Amino acid sequence: MGGFAVVGLQWGDEGKGKITDYFAEKADCVVRYQGGNNAGHTIVAGGKEYKFHLMPSGVVQGKKVVIGNGVVVDPTVLIDEIEELRSNGMEPDLMVSDRAHVIMPYHRMLDGAEESLLGNKKVGTTKRGIGPCYSDKVARHGIRMGDLLEREALAEKMERIMPIQDKILGIYDMKVDPEGIMEEYLSYGERLRKYVDDTIYYLNSIIDEKAVLFEGAQGFLLDIDYGTYPYVTSSNPVAGGICTGAGISPKKIEKIVGVSKAYTTRVGMGPMPTEEKGEVGDYLAKRGHEFGTTTGRKRRCGWLDMVALKYACMVNGVDSIAITKLDVLDGLEEVKVCVAYEYEGKTLDRFPSSIKILEKCKPVYETLDGWDGSKGVRDYTALPPNARKYVEYISEKLGVEVEIISTGPAREDTIVAGS
Ligand code: IMP
């Protein structure tokens, strides 16, 4: 058995939820290793639609789910998600790392305040307090889930860090009531006590015998190290993040599946070389229902960017890819694919680290013939020939096998290679 992973290769929202759900069926345990409730996925089960932000996939299938040490947890959100499951007659088989950091009210406040101060240079965060919580973790001013279980430990930590938080909040003319926060968060600790545990020993005790699926929350291009910094999230969705975010050796991850849409989308600010602001962008947004699960914001849309995708495949070391939303491209006369960037008269085939350069990169496109009628197709040979050519083109350019193609939102609208 061992570990396998599903990671997003673009700017998030690749449709990982559906692919993870597919793999979750084969898994014994599903693990989140980074991010927090900035993520969002919708699951339809038993005729009911669930929108989860923190709960790992597989929970409605009754799988063991684990929130690893690399995740930042807003207990209010976690409690709501547990309650939603319970009100539908499900008790989650959940374990939350005692080392996972807690999103405190002042993290949410600071996220909003920093974004306002940045004005039109803002990151466009989800304002869930993710960045400030990770900042405190690294600065060693954080509160961890385990601290919520012990009054004395929490009191000691808060006494240590509140003078610093007070000063920081003061910059923005904001204040909090530490006593009130402490009581509130101790009560969350009580409600979550039965789930909080040492997930690292647990995961290492099962990983050789059980199928453990690690699900990335945000996409690779939002990774704090590899993405379009500073227009990124504050964690490491990259496959390597599994090791630090769940306490798993790289030797234990046996398979990595990367997920990419058949085109590109991005929410929030930051460069996106293939963005289409006109008709094509609107066509993709409308057909792809490109509005965020977490914030409802309209996503920016454009053609597939192979420079970015190759970079993502390389760093994640993907074994295969899943292409989602192929059907969204139905009805277009031609489909473009960005194969290089043009920058100041030079052709670049590498994804630059500087966003100043990336902002000025013009996509170099190859054009393929379009198709119609891929929606809902469940068999590869039944796909329109040009849609097949598109898939084969992507696979060849990336040098990676396409394992899954999604042709619609329903679980059944899925083509699996070799099945
Ligand atoms: P944060 O993660 O809330 O700090 O936001 C940082 C950036 O990541 C913003 O551009 C967000 O729009 C983006 N982001 C965070 N989570 C997601 C996600 O799940 N899907 C897509 N974009 C996301």
# chains A, B, ... in the order shown; residues from 1 in each chain; ligands from 1

call {"tool": "closest_atom_pairs", "arguments": {"of": "chain A", "to": "ligand 1", "cutoff": "9 Å", "atoms": "only C-alpha atoms and all ligand atoms", "output": "tab-separated table"}}
result
residue	atom	partner	partner_atom_place_in_ligand_line	distance
A:Trp11	CA	ligand 1	21 (C)	5.9
A:Gly12	CA	ligand 1	21 (C)	4.1
A:Asp13	CA	ligand 1	20 (N)	4.9
A:Glu14	CA	ligand 1	20 (N)	8.3
A:Gly35	CA	ligand 1	2 (O)	7.1
A:Gly36	CA	ligand 1	2 (O)	7.9
A:Asn37	CA	ligand 1	16 (N)	7.9
A:Asn38	CA	ligand 1	16 (N)	4.4
A:Ala39	CA	ligand 1	19 (O)	3.4
A:Gly40	CA	ligand 1	19 (O)	5.6
A:His41	CA	ligand 1	19 (O)	8.2
A:His53	CA	ligand 1	19 (O)	8.4
A:Asp111	CA	ligand 1	4 (O)	7.8
A:Val123	CA	ligand 1	10 (O)	5.6
A:Gly124	CA	ligand 1	10 (O)	4.9
A:Thr125	CA	ligand 1	5 (O)	3.3
A:Thr126	CA	ligand 1	3 (O)	3.6
A:Lys127	CA	ligand 1	3 (O)	5.4
A:Arg128	CA	ligand 1	3 (O)	5.8
A:Gly129	CA	ligand 1	3 (O)	6.9
A:Ile130	CA	ligand 1	4 (O)	5.1
A:Gly131	CA	ligand 1	4 (O)	4.9
A:Pro132	CA	ligand 1	4 (O)	8.3
A:Ala217	CA	ligand 1	19 (O)	6.0
A:Gln218	CA	ligand 1	19 (O)	4.7
A:Gly219	CA	ligand 1	20 (N)	7.0
A:Leu222	CA	ligand 1	8 (O)	5.9
A:Asp223	CA	ligand 1	8 (O)	8.6
A:Pro230	CA	ligand 1	6 (C)	8.7
A:Tyr231	CA	ligand 1	10 (O)	5.8
A:Val232	CA	ligand 1	7 (C)	4.6
A:Thr233	CA	ligand 1	6 (C)	3.9
A:Ser234	CA	ligand 1	4 (O)	6.0
A:Ser235	CA	ligand 1	2 (O)	8.0
A:Thr265	CA	ligand 1	21 (C)	8.7
A:Arg266	CA	ligand 1	21 (C)	6.6
A:Val267	CA	ligand 1	12 (O)	4.6
A:Gly268	CA	ligand 1	10 (O)	3.9
A:Met269	CA	ligand 1	10 (O)	5.6
A:Gly270	CA	ligand 1	10 (O)	7.4
A:Gly292	CA	ligand 1	20 (N)	7.1
A:Thr293	CA	ligand 1	19 (O)	8.0
A:Thr294	CA	ligand 1	19 (O)	7.3
A:Thr295	CA	ligand 1	12 (O)	8.4
A:Arg297	CA	ligand 1	12 (O)	8.6
A:Arg299	CA	ligand 1	21 (C)	8.6

call {"tool": "residues_around", "arguments": {"residues": "range 144-156 of chain A", "least_positions_apart": "4", "cutoff": "6 Å", "atoms": "only C-alpha atoms", "output": "ChimeraX atom specification"}}
result
/A:98-102,186,189

call {"tool": "residues_around", "arguments": {"residues": "Glu215 in chain A", "least_positions_apart": "4", "cutoff": "12 Å", "atoms": "only C-alpha atoms", "output": "MDAnalysis selection string"}}
result
chainID A and resid 3:8 15:24 27 29:35 39 41 54:58 65:68 71 219 236:239 241:242 245:246 256:259

call {"tool": "write_last_selection", "arguments": {"atoms": "N, CA and C atoms", "output": "CSV table (one decimal), in the first residue's frame"}}
result
chain,number,residue,atom,x,y,z
A,3,GLY,N,1.6,5.7,0.5
A,3,GLY,CA,1.0,7.0,0.2
A,3,GLY,C,0.8,7.3,-1.2
A,4,PHE,N,-0.3,8.0,-1.6
A,4,PHE,CA,-0.4,8.5,-2.9
A,4,PHE,C,-1.0,9.9,-2.8
A,5,ALA,N,-0.8,10.7,-3.8
A,5,ALA,CA,-1.2,12.1,-3.7
A,5,ALA,C,-1.9,12.7,-4.9
A,6,VAL,N,-2.8,13.6,-4.6
A,6,VAL,CA,-3.5,14.3,-5.7
A,6,VAL,C,-3.1,15.8,-5.4
A,7,VAL,N,-2.4,16.4,-6.4
A,7,VAL,CA,-2.0,17.8,-6.3
A,7,VAL,C,-2.5,18.7,-7.4
A,8,GLY,N,-2.8,19.9,-7.2
A,8,GLY,CA,-3.2,20.8,-8.2
A,8,GLY,C,-2.0,21.4,-8.9
A,15,GLY,N,-10.3,21.4,-10.0
A,15,GLY,CA,-11.3,20.3,-10.0
A,15,GLY,C,-10.7,19.1,-9.2
A,16,LYS,N,-9.8,19.4,-8.3
A,16,LYS,CA,-9.2,18.4,-7.5
A,16,LYS,C,-10.2,17.6,-6.7
A,17,GLY,N,-11.3,18.3,-6.3
A,17,GLY,CA,-12.3,17.7,-5.4
A,17,GLY,C,-12.8,16.4,-6.1
A,18,LYS,N,-13.2,16.5,-7.3
A,18,LYS,CA,-13.8,15.4,-8.0
A,18,LYS,C,-12.8,14.3,-8.2
A,19,ILE,N,-11.5,14.6,-8.5
A,19,ILE,CA,-10.5,13.6,-8.7
A,19,ILE,C,-10.1,13.0,-7.4
A,20,THR,N,-10.0,13.8,-6.3
A,20,THR,CA,-9.7,13.3,-5.0
A,20,THR,C,-10.8,12.3,-4.6
A,21,ASP,N,-12.1,12.7,-4.8
A,21,ASP,CA,-13.2,11.9,-4.5
A,21,ASP,C,-13.1,10.5,-5.1
A,22,TYR,N,-12.7,10.6,-6.4
A,22,TYR,CA,-12.6,9.3,-7.2
A,22,TYR,C,-11.5,8.4,-6.5
A,23,PHE,N,-10.4,9.0,-6.1
A,23,PHE,CA,-9.3,8.2,-5.5
A,23,PHE,C,-9.7,7.9,-4.1
A,24,ALA,N,-10.4,8.8,-3.4
A,24,ALA,CA,-10.8,8.5,-2.0
A,24,ALA,C,-11.5,7.2,-1.9
A,27,ALA,N,-9.1,4.7,-1.1
A,27,ALA,CA,-8.2,5.0,0.0
A,27,ALA,C,-8.9,4.5,1.3
A,29,CYS,N,-7.6,6.2,4.0
A,29,CYS,CA,-7.5,7.4,4.9
A,29,CYS,C,-7.1,8.5,3.9
A,30,VAL,N,-7.8,9.7,4.2
A,30,VAL,CA,-7.5,10.9,3.3
A,30,VAL,C,-6.9,12.0,4.2
A,31,VAL,N,-5.8,12.6,3.8
A,31,VAL,CA,-5.1,13.5,4.6
A,31,VAL,C,-4.9,14.9,3.9
A,32,ARG,N,-5.3,16.0,4.7
A,32,ARG,CA,-4.9,17.3,4.2
A,32,ARG,C,-3.6,17.7,4.9
A,33,TYR,N,-2.7,18.3,4.1
A,33,TYR,CA,-1.4,18.6,4.7
A,33,TYR,C,-1.0,20.1,4.7
A,34,GLN,N,-1.8,20.9,4.1
A,34,GLN,CA,-1.5,22.3,4.1
A,34,GLN,C,-2.8,23.2,3.9
A,35,GLY,N,-2.6,24.5,4.0
A,35,GLY,CA,-3.7,25.4,3.8
A,35,GLY,C,-4.7,25.3,4.9
A,39,ALA,N,-9.4,27.0,1.1
A,39,ALA,CA,-9.8,26.0,0.1
A,39,ALA,C,-11.3,25.8,0.1
A,41,HIS,N,-14.3,22.7,-1.5
A,41,HIS,CA,-14.7,21.8,-2.5
A,41,HIS,C,-16.2,21.4,-2.2
A,54,LEU,N,-12.5,22.7,5.0
A,54,LEU,CA,-11.4,22.2,5.9
A,54,LEU,C,-11.4,20.7,5.9
A,55,MET,N,-12.6,20.1,5.9
A,55,MET,CA,-12.7,18.7,6.0
A,55,MET,C,-12.1,18.0,4.8
A,56,PRO,N,-11.2,17.0,5.0
A,56,PRO,CA,-10.7,16.3,3.9
A,56,PRO,C,-11.7,15.6,3.1
A,57,SER,N,-11.5,15.3,1.8
A,57,SER,CA,-12.4,14.6,1.0
A,57,SER,C,-12.5,13.2,1.6
A,58,GLY,N,-13.6,12.5,1.2
A,58,GLY,CA,-13.7,11.1,1.6
A,58,GLY,C,-14.5,11.0,2.9
A,65,VAL,N,-10.4,10.5,8.1
A,65,VAL,CA,-9.8,11.7,7.5
A,65,VAL,C,-8.9,12.3,8.5
A,66,VAL,N,-7.8,12.9,8.0
A,66,VAL,CA,-6.8,13.5,8.9
A,66,VAL,C,-6.4,14.9,8.5
A,67,ILE,N,-6.4,15.8,9.5
A,67,ILE,CA,-5.9,17.2,9.2
A,67,ILE,C,-4.5,17.2,9.8
A,68,GLY,N,-3.6,17.3,8.9
A,68,GLY,CA,-2.2,17.2,9.3
A,68,GLY,C,-1.6,18.4,10.0
A,71,VAL,N,-1.5,22.0,8.3
A,71,VAL,CA,-2.8,22.8,8.0
A,71,VAL,C,-3.0,23.9,9.1
A,219,GLY,N,-3.4,25.2,-5.5
A,219,GLY,CA,-2.6,24.7,-6.6
A,219,GLY,C,-1.1,25.1,-6.5
A,236,ASN,N,2.7,25.3,1.4
A,236,ASN,CA,3.3,24.5,0.3
A,236,ASN,C,2.4,23.4,-0.2
A,237,PRO,N,1.5,23.8,-1.2
A,237,PRO,CA,0.7,22.7,-1.8
A,237,PRO,C,1.5,21.7,-2.6
A,238,VAL,N,2.7,22.1,-3.0
A,238,VAL,CA,3.5,21.2,-3.8
A,238,VAL,C,3.6,19.8,-3.1
A,239,ALA,N,3.8,18.7,-3.9
A,239,ALA,CA,3.9,17.4,-3.3
A,239,ALA,C,4.9,17.3,-2.2
A,241,GLY,N,5.4,19.3,0.0
A,241,GLY,CA,4.7,19.8,1.3
A,241,GLY,C,4.1,18.6,2.1
A,242,ILE,N,3.9,17.5,1.5
A,242,ILE,CA,3.3,16.4,2.2
A,242,ILE,C,4.2,15.9,3.3
A,245,GLY,N,4.1,18.6,5.9
A,245,GLY,CA,2.8,19.0,6.4
A,245,GLY,C,2.1,17.8,7.0
A,246,ALA,N,2.6,16.6,6.9
A,246,ALA,CA,2.0,15.4,7.5
A,246,ALA,C,3.0,14.5,8.3
A,256,ILE,N,2.0,10.1,-7.5
A,256,ILE,CA,1.6,11.5,-7.4
A,256,ILE,C,0.8,11.8,-8.7
A,257,VAL,N,-0.5,12.2,-8.5
A,257,VAL,CA,-1.3,12.5,-9.7
A,257,VAL,C,-1.5,14.0,-9.7
A,258,GLY,N,-1.2,14.7,-10.8
A,258,GLY,CA,-1.4,16.1,-10.9
A,258,GLY,C,-2.7,16.4,-11.6
A,259,VAL,N,-3.4,17.5,-11.1
A,259,VAL,CA,-4.7,17.8,-11.7
A,259,VAL,C,-4.6,19.2,-12.4

call {"tool": "residues_around", "arguments": {"residues": "Leu358 in chain A", "least_positions_apart": "5", "cutoff": "12 Å", "atoms": "only C-alpha atoms", "output": "NGL selection string"}}
result
:A and (227-229 or 270-274 or 307-308 or 340-344 or 348-353 or 363)

call {"tool": "select_by_dssp", "arguments": {"residues": "range 156-276 of chain A", "states": "alpha helix (DSSP H)", "output": "JSON, numbers by chain"}}
result
{"A": [156, 157, 158, 159, 160, 161, 162, 163, 164, 165, 166, 167, 168, 169, 170, 171, 178, 179, 180, 181, 182, 183, 184, 185, 186, 187, 188, 189, 190, 191, 192, 199, 200, 201, 202, 203, 204, 205, 206, 241, 242, 243, 244, 245, 246]}

call {"tool": "write_last_selection", "arguments": {"atoms": "C-alpha atoms", "output": "compact mmCIF listing (two decimals), in the first residue's frame"}}
result
# COMPACT_ATOMS: atom_id res chain seq x y z
CA GLU A 156 0.93 30.70 29.25
CA LYS A 157 1.16 31.03 25.47
CA MET A 158 -1.30 33.88 25.30
CA GLU A 159 0.47 35.72 28.06
CA ARG A 160 3.67 35.41 26.05
CA ILE A 161 2.33 36.45 22.67
CA MET A 162 -0.46 38.93 23.39
CA PRO A 163 1.86 41.89 24.05
CA ILE A 164 3.22 41.38 20.52
CA GLN A 165 -0.22 40.88 18.98
CA ASP A 166 -1.49 43.99 20.80
CA LYS A 167 1.28 46.08 19.26
CA ILE A 168 0.67 44.69 15.79
CA LEU A 169 -3.09 45.19 16.05
CA GLY A 170 -2.45 48.70 17.38
CA ILE A 171 -0.83 49.65 14.07
CA PRO A 178 -7.51 38.21 25.32
CA GLU A 179 -9.57 36.85 28.23
CA GLY A 180 -12.63 36.49 26.04
CA ILE A 181 -10.61 34.84 23.27
CA MET A 182 -9.06 32.42 25.71
CA GLU A 183 -12.40 31.28 27.12
CA GLU A 184 -13.90 31.03 23.63
CA TYR A 185 -11.01 28.97 22.26
CA LEU A 186 -10.88 26.71 25.33
CA SER A 187 -14.52 25.93 24.66
CA TYR A 188 -13.65 25.03 21.05
CA GLY A 189 -10.87 22.84 22.42
CA GLU A 190 -13.43 21.01 24.57
CA ARG A 191 -15.68 20.41 21.58
CA LEU A 192 -12.81 19.18 19.42
CA THR A 199 -1.40 12.40 13.63
CA ILE A 200 2.27 11.89 12.81
CA TYR A 201 2.62 8.63 14.75
CA TYR A 202 -0.80 7.57 13.55
CA LEU A 203 -0.02 8.12 9.84
CA ASN A 204 3.35 6.44 10.09
CA SER A 205 1.75 3.47 11.84
CA ILE A 206 -0.68 2.85 8.96
CA GLY A 241 4.72 19.75 1.27
CA ILE A 242 3.25 16.37 2.16
CA CYS A 243 6.43 15.41 3.98
CA THR A 244 6.55 18.50 6.18
CA GLY A 245 2.78 18.96 6.41
CA ALA A 246 1.97 15.42 7.48

call {"tool": "closest_residue", "arguments": {"among": "A:Leu304, A:Ile224, A:Ala139, A:Leu309", "to": "Glu366 in chain A", "atoms": "only C-alpha atoms"}}
result
A:Leu304

call {"tool": "closest_residue", "arguments": {"among": "A:Lys48, A:Lys310, A:Lys362, A:Lys325", "to": "Glu396 in chain A", "atoms": "only C-alpha atoms"}}
result
A:Lys310

call {"tool": "select_by_dssp", "arguments": {"residues": "range 202-302 of chain A", "states": "strand (DSSP E)", "output": "PyMOL selection string"}}
result
chain A and resi 211-219+253-261+264-266+300-302

call {"tool": "write_last_selection", "arguments": {"atoms": "N, CA, C and O atoms", "output": "tab-separated table (two decimals), in the first residue's frame"}}
result
chain	number	residue	atom	x	y	z
A	211	ALA	N	-3.94	2.30	2.31
A	211	ALA	CA	-3.82	3.27	1.21
A	211	ALA	C	-4.14	4.65	1.78
A	211	ALA	O	-5.26	4.92	2.22
A	212	VAL	N	-3.13	5.49	1.81
A	212	VAL	CA	-3.29	6.83	2.40
A	212	VAL	C	-3.19	7.87	1.28
A	212	VAL	O	-2.17	7.97	0.60
A	213	LEU	N	-4.26	8.62	1.13
A	213	LEU	CA	-4.32	9.64	0.07
A	213	LEU	C	-4.06	11.02	0.66
A	213	LEU	O	-4.74	11.43	1.60
A	214	PHE	N	-3.10	11.72	0.09
A	214	PHE	CA	-2.79	13.08	0.52
A	214	PHE	C	-3.40	14.04	-0.49
A	214	PHE	O	-3.10	13.94	-1.69
A	215	GLU	N	-4.24	14.95	-0.01
A	215	GLU	CA	-4.86	15.87	-0.96
A	215	GLU	C	-4.34	17.28	-0.77
A	215	GLU	O	-4.36	17.84	0.32
A	216	GLY	N	-3.85	17.85	-1.87
A	216	GLY	CA	-3.39	19.23	-1.85
A	216	GLY	C	-4.60	20.14	-1.85
A	216	GLY	O	-5.62	19.82	-2.46
A	217	ALA	N	-4.50	21.26	-1.15
A	217	ALA	CA	-5.64	22.19	-1.17
A	217	ALA	C	-5.44	23.18	-2.31
A	217	ALA	O	-6.02	23.01	-3.37
A	218	GLN	N	-4.59	24.15	-2.18
A	218	GLN	CA	-4.39	25.10	-3.29
A	218	GLN	C	-3.50	24.49	-4.38
A	218	GLN	O	-2.92	23.44	-4.18
A	219	GLY	N	-3.39	25.20	-5.48
A	219	GLY	CA	-2.58	24.69	-6.59
A	219	GLY	C	-1.12	25.09	-6.48
A	219	GLY	O	-0.75	26.00	-5.72
A	253	ILE	N	5.87	8.08	-0.39
A	253	ILE	CA	4.86	8.55	-1.35
A	253	ILE	C	5.10	7.84	-2.67
A	253	ILE	O	6.10	8.07	-3.35
A	254	GLU	N	4.19	6.95	-3.00
A	254	GLU	CA	4.45	6.07	-4.13
A	254	GLU	C	3.91	6.56	-5.45
A	254	GLU	O	4.37	6.15	-6.52
A	255	LYS	N	2.90	7.42	-5.38
A	255	LYS	CA	2.33	7.89	-6.65
A	255	LYS	C	1.80	9.31	-6.47
A	255	LYS	O	1.18	9.62	-5.45
A	256	ILE	N	2.05	10.13	-7.48
A	256	ILE	CA	1.57	11.52	-7.43
A	256	ILE	C	0.78	11.82	-8.70
A	256	ILE	O	1.30	11.70	-9.81
A	257	VAL	N	-0.48	12.16	-8.52
A	257	VAL	CA	-1.33	12.52	-9.67
A	257	VAL	C	-1.52	14.04	-9.65
A	257	VAL	O	-1.94	14.61	-8.64
A	258	GLY	N	-1.20	14.68	-10.76
A	258	GLY	CA	-1.39	16.13	-10.87
A	258	GLY	C	-2.70	16.43	-11.58
A	258	GLY	O	-3.07	15.73	-12.52
A	259	VAL	N	-3.39	17.46	-11.13
A	259	VAL	CA	-4.67	17.81	-11.75
A	259	VAL	C	-4.56	19.17	-12.44
A	259	VAL	O	-4.05	20.13	-11.86
A	260	SER	N	-5.03	19.19	-13.69
A	260	SER	CA	-5.04	20.45	-14.44
A	260	SER	C	-6.36	20.57	-15.18
A	260	SER	O	-6.87	19.58	-15.71
A	261	LYS	N	-6.89	21.77	-15.21
A	261	LYS	CA	-8.04	21.99	-16.09
A	261	LYS	C	-7.54	21.94	-17.54
A	261	LYS	O	-6.34	22.11	-17.79
A	264	THR	N	-6.97	27.44	-18.23
A	264	THR	CA	-6.38	27.99	-17.01
A	264	THR	C	-7.34	28.94	-16.32
A	264	THR	O	-8.04	29.70	-17.00
A	265	THR	N	-7.36	28.91	-14.99
A	265	THR	CA	-8.09	29.95	-14.26
A	265	THR	C	-7.26	30.42	-13.08
A	265	THR	O	-6.35	29.72	-12.63
A	266	ARG	N	-7.61	31.58	-12.60
A	266	ARG	CA	-6.93	32.12	-11.42
A	266	ARG	C	-7.91	33.04	-10.68
A	266	ARG	O	-8.62	33.82	-11.33
A	300	ARG	N	-10.55	34.46	-13.17
A	300	ARG	CA	-9.97	34.91	-14.44
A	300	ARG	C	-9.71	33.65	-15.27
A	300	ARG	O	-9.23	32.64	-14.74
A	301	CYS	N	-10.02	33.71	-16.57
A	301	CYS	CA	-9.91	32.50	-17.40
A	301	CYS	C	-9.03	32.72	-18.62
A	301	CYS	O	-8.95	33.85	-19.13
A	302	GLY	N	-8.41	31.67	-19.10
A	302	GLY	CA	-7.60	31.77	-20.32
A	302	GLY	C	-7.18	30.39	-20.81
A	302	GLY	O	-7.57	29.36	-20.26

call {"tool": "residues_around", "arguments": {"residues": "Asp413 in chain A", "least_positions_apart": "3", "cutoff": "6 Å", "atoms": "only C-alpha atoms", "output": "list of chain:residue names"}}
result
A:Gly376, A:Arg378, A:Thr407, A:Gly408, A:Ala410

call {"tool": "closest_residue", "arguments": {"among": "A:Ala387, A:Ile405, A:Met104, A:Val60", "to": "His141 in chain A", "atoms": "only C-alpha atoms"}}
result
A:Met104

call {"tool": "atom_distance", "arguments": {"atom1": "CA of Lys122 in chain A", "atom2": "CA of Glu275 in chain A"}}
result
18.9 Å
